[in-house]
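Worksheet: one structure, shown below.
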Amino acid sequence: MTPQPSSGPWRVATVVKRRAETSHAATFRLRLDAPLGQRAGQHVVLRLTAPDGYTAQRSYSVASAPEDGDEFELTVERLEGGEVSMFLHDVVEPGDELDVRGPIGGWFVWEGTTPALLLGGGSGVVPLMAMLRHARRTGSADLLRLVVSARSPDVLYYAAELPGPQTTVVFTRSVPPGHDRAPGRLVMEDVPMPLADDVTAYVCGSAGFAEAASTVLLDAGVPAERVRVERFGPTG
């Protein structure tokens, strides 16, 4: 994601925990002195400052539910040559402090009060996970369905937490033993039916995934004006 301007102040967040999601992605749990105040689907800008004053910043979607109070989570993929992602993975430890600004974004958000269909590809599941967690925390899970596309089980984010009646996982290249769907790209048959007349669809992933998923949604009968898309490229 490309950092966006924000009028909000920079705040200091303390890293309280990190855990591996895959061999190349980790989730960082951070604590502020007051709640971040995000809505499910928003993101923050994270800034690093070197001793000589040089700064680098990147935008990352918030993965945690708004109900987490003064703590929130960011899931970051380690990209070779990425000055921010490599620093987070290779250097940052619990107790370290990072500058954050946000939350940012008002269009790609779900309040938990209307039907939603979420389609996420790869790391595009991160803001959608915030929506799923929000739904489960607030008792509105019956309003939401999430379809996640991943290349293989070893690169699936949140593998232990995803399973449930609200979720479907599609593997495009290889599947785990006992998986009841052959590997392949997302198709219309993967969309949970029937869809509510007032459903809003949220699509997040690479440009290629976003285009393909949007086509699937239109074929499934979701009106174009009810499809919200967030595309992204590698965030180093």
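Residues are referred to by chain and number: the chain letter is A, B, ... according to the order shown in the structure tokens, the number counts from 1 in that chain, and ligands are numbered separately from 1 in the order shown.
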
Near segment 37-45 of chain A, counting only C-alpha atoms, which residues have an atom at most 6 Å away, once you skip same-chain residues fewer than 3 positions from it, shown as a PDB file with C-alpha atoms, in the first residue's frame?
```pdb
ATOM      1  CA  ARG A  58       4.958   2.305   4.767  1.00  0.00           C
ATOM      2  CA  SER A  59       1.216   1.732   5.063  1.00  0.00           C
ATOM      3  CA  TYR A  60      -0.058  -1.484   6.607  1.00  0.00           C
ATOM      4  CA  SER A  61      -3.619  -2.696   7.065  1.00  0.00           C
ATOM      5  CA  VAL A  62      -4.737  -3.280  10.625  1.00  0.00           C
ATOM      6  CA  PRO A  66     -11.549  -2.481  16.768  1.00  0.00           C
ATOM      7  CA  VAL A 100       2.421   5.158  13.734  1.00  0.00           C
ATOM      8  CA  ARG A 101      -0.146   7.490  12.226  1.00  0.00           C
ATOM      9  CA  GLY A 102      -3.789   6.742  11.610  1.00  0.00           C
ATOM     10  CA  PRO A 103      -6.199   5.139  11.290  1.00  0.00           C
ATOM     11  CA  ILE A 104      -6.649   6.023   7.618  1.00  0.00           C
ATOM     12  CA  GLY A 105      -9.398   5.202   5.106  1.00  0.00           C
ATOM     13  CA  PHE A 108     -13.003   0.163   2.531  1.00  0.00           C
ATOM     14  CA  VAL A 109     -14.543  -0.352   5.975  1.00  0.00           C
ATOM     15  CA  TRP A 110     -17.257  -2.572   7.399  1.00  0.00           C
ATOM     16  CA  PRO A 127      -7.905  -6.029   6.412  1.00  0.00           C
ATOM     17  CA  ALA A 130     -10.073  -7.357  10.910  1.00  0.00           C
ATOM     18  CA  MET A 131     -13.652  -7.531   9.610  1.00  0.00           C
TER      19      MET A 131
END
```

*Write out as a PyMOL selection string each polymer residue whose atoms come within 6 Å of Leu74 of chain A, counting only C-alpha atoms; drop sequence neighbours fewer than 3 positions from it.*
chain A and resi 27-28+62-63

*Leaving out Ala213 of chain A and any residue of its chain fewer than 3 positions from it, which residues lie within 8 Å of it when counting only C-alpha atoms, given as a list in words?*
Leu119, Leu186, Val203, Phe209, Ala210, Val216 and Leu217 of chain A

Write out, as an mmCIF file, in the first residue's frame, the residues just selected, with C-alpha atoms.
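Result written to result08.cif:
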```cif
data_model
loop_
_atom_site.group_PDB
_atom_site.id
_atom_site.type_symbol
_atom_site.label_atom_id
_atom_site.label_comp_id
_atom_site.auth_asym_id
_atom_site.auth_seq_id
_atom_site.Cartn_x
_atom_site.Cartn_y
_atom_site.Cartn_z
ATOM 1 C CA LEU A 119 -12.739 -11.974 -1.069
ATOM 2 C CA LEU A 186 -11.282 -18.570 -7.528
ATOM 3 C CA VAL A 203 -12.078 -7.401 -2.515
ATOM 4 C CA PHE A 209 -6.582 -11.033 -8.118
ATOM 5 C CA ALA A 210 -8.753 -7.946 -7.690
ATOM 6 C CA VAL A 216 -16.518 -13.446 -10.293
ATOM 7 C CA LEU A 217 -18.678 -11.178 -8.140
#
```

What are the closest atom pairs, with distances in Å to one decimal, for each residue of segment 132-155 of chain A lying within 10 Å of segment 13-26 of chain A, using only C-alpha atoms, rows by chain and rising residue number, as CSV?
```
residue,atom,partner,partner_atom,distance
A:Pro153,CA,A:Thr22,CA,9.4
A:Asp154,CA,A:Thr22,CA,6.4
A:Val155,CA,A:Thr22,CA,5.6
```

*Go through A:Glu161, A:Gly81, A:Thr113, A:Gly53 one by one, measure the shortest atom-to-atom distance of each to Gly139 of chain A using only C-alpha atoms, and give the residue with the smallest value.*
A:Thr113

*Please identify all polymer residues within 12 Å of Val191 of chain A, counting only C-alpha atoms, omitting same-chain residues fewer than 3 positions from it, and present them as a ChimeraX atom specification.*
/A:116-119,145-149,166-170,186-188,194-195,201,213-222

*asked:* Would you compute the distance between atom CA of Leu128 of chain A and atom CA of Ala141 of chain A? Give it in Å to one decimal.
replied: 12.9 Å

*Enumerate as a PyMOL selection string all residues of segment 2-236 of chain A assigned to strand (DSSP E or B) by DSSP on the backbone, naming them with the chain letters and numbers the document uses.*
chain A and resi 11-22+25-31+43-49+55-62+71-77+97-104+116-121+144-150+167-171+200-205+227-231

*asked:* Which residues are near Asp90 of chain A? Cut-off 10 Å, only C-alpha atoms, ignore same chain within fewer than 5 positions. Put them as number ranges by chain.
replied: A: 78, 84-85

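Nearest to Arg185 of chain A of all the residues A:Ala150, A:Leu132, A:Met86, A:Cys204 is A:Ala150, counting only C-alpha atoms.
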
Ala182 of chain A surroundings by only C-alpha atoms, 9 Å radius, close-in-sequence under 6 positions cut, as a CSV table (one decimal) with N, CA and C atoms, in the first residue's frame:
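Just written: result00.csv:
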```
chain,number,residue,atom,x,y,z
A,170,VAL,N,-9.6,-21.2,-0.5
A,170,VAL,CA,-9.4,-21.8,-1.9
A,170,VAL,C,-7.9,-21.8,-2.1
A,171,PHE,N,-7.3,-23.0,-2.4
A,171,PHE,CA,-5.9,-23.1,-2.7
A,171,PHE,C,-5.7,-23.2,-4.2
A,172,THR,N,-4.8,-22.4,-4.8
A,172,THR,CA,-4.7,-22.3,-6.2
A,172,THR,C,-3.6,-23.3,-6.8
A,173,ARG,N,-2.7,-23.8,-5.9
A,173,ARG,CA,-1.6,-24.6,-6.5
A,173,ARG,C,-1.5,-26.0,-5.8
A,174,SER,N,-1.6,-26.0,-4.5
A,174,SER,CA,-1.6,-27.3,-3.8
A,174,SER,C,-2.5,-27.2,-2.6
A,175,VAL,N,-3.1,-28.4,-2.2
A,175,VAL,CA,-4.0,-28.4,-1.1
A,175,VAL,C,-3.6,-29.4,0.0
```

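Distances here use only C-alpha atoms; by that measure, the residue among A:Ala50, A:Val12, A:Leu88, A:Leu79 closest to Leu36 of chain A is A:Val12.
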
_I'd like to know which residues of segment 43-89 of chain A are helix (DSSP H, G or I) (by DSSP, run on the backbone); could you write them as a list in words?_
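Matching residues, listed in order: Pro66, Glu67, Asp68, Glu83, Val84, Ser85, Met86, Phe87, Leu88 and His89 of chain A.
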
_Distance of atom CA of Ala159 of chain A from atom CA of Pro192 of chain A, expressed in Å to one decimal place_ = 19.8 Å

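Between atom CA of Glu211 of chain A and atom CA of Gly121 of chain A the interatomic distance comes to 11.1 Å.
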
*Of the candidates A:Asp190, A:Ala65, A:Pro35, A:Thr55, which one gets nearest to His134 of chain A if we count only C-alpha atoms?*
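Of A:Asp190, A:Ala65, A:Pro35, A:Thr55, the one nearest His134 of chain A, counting only C-alpha atoms, is A:Ala65.
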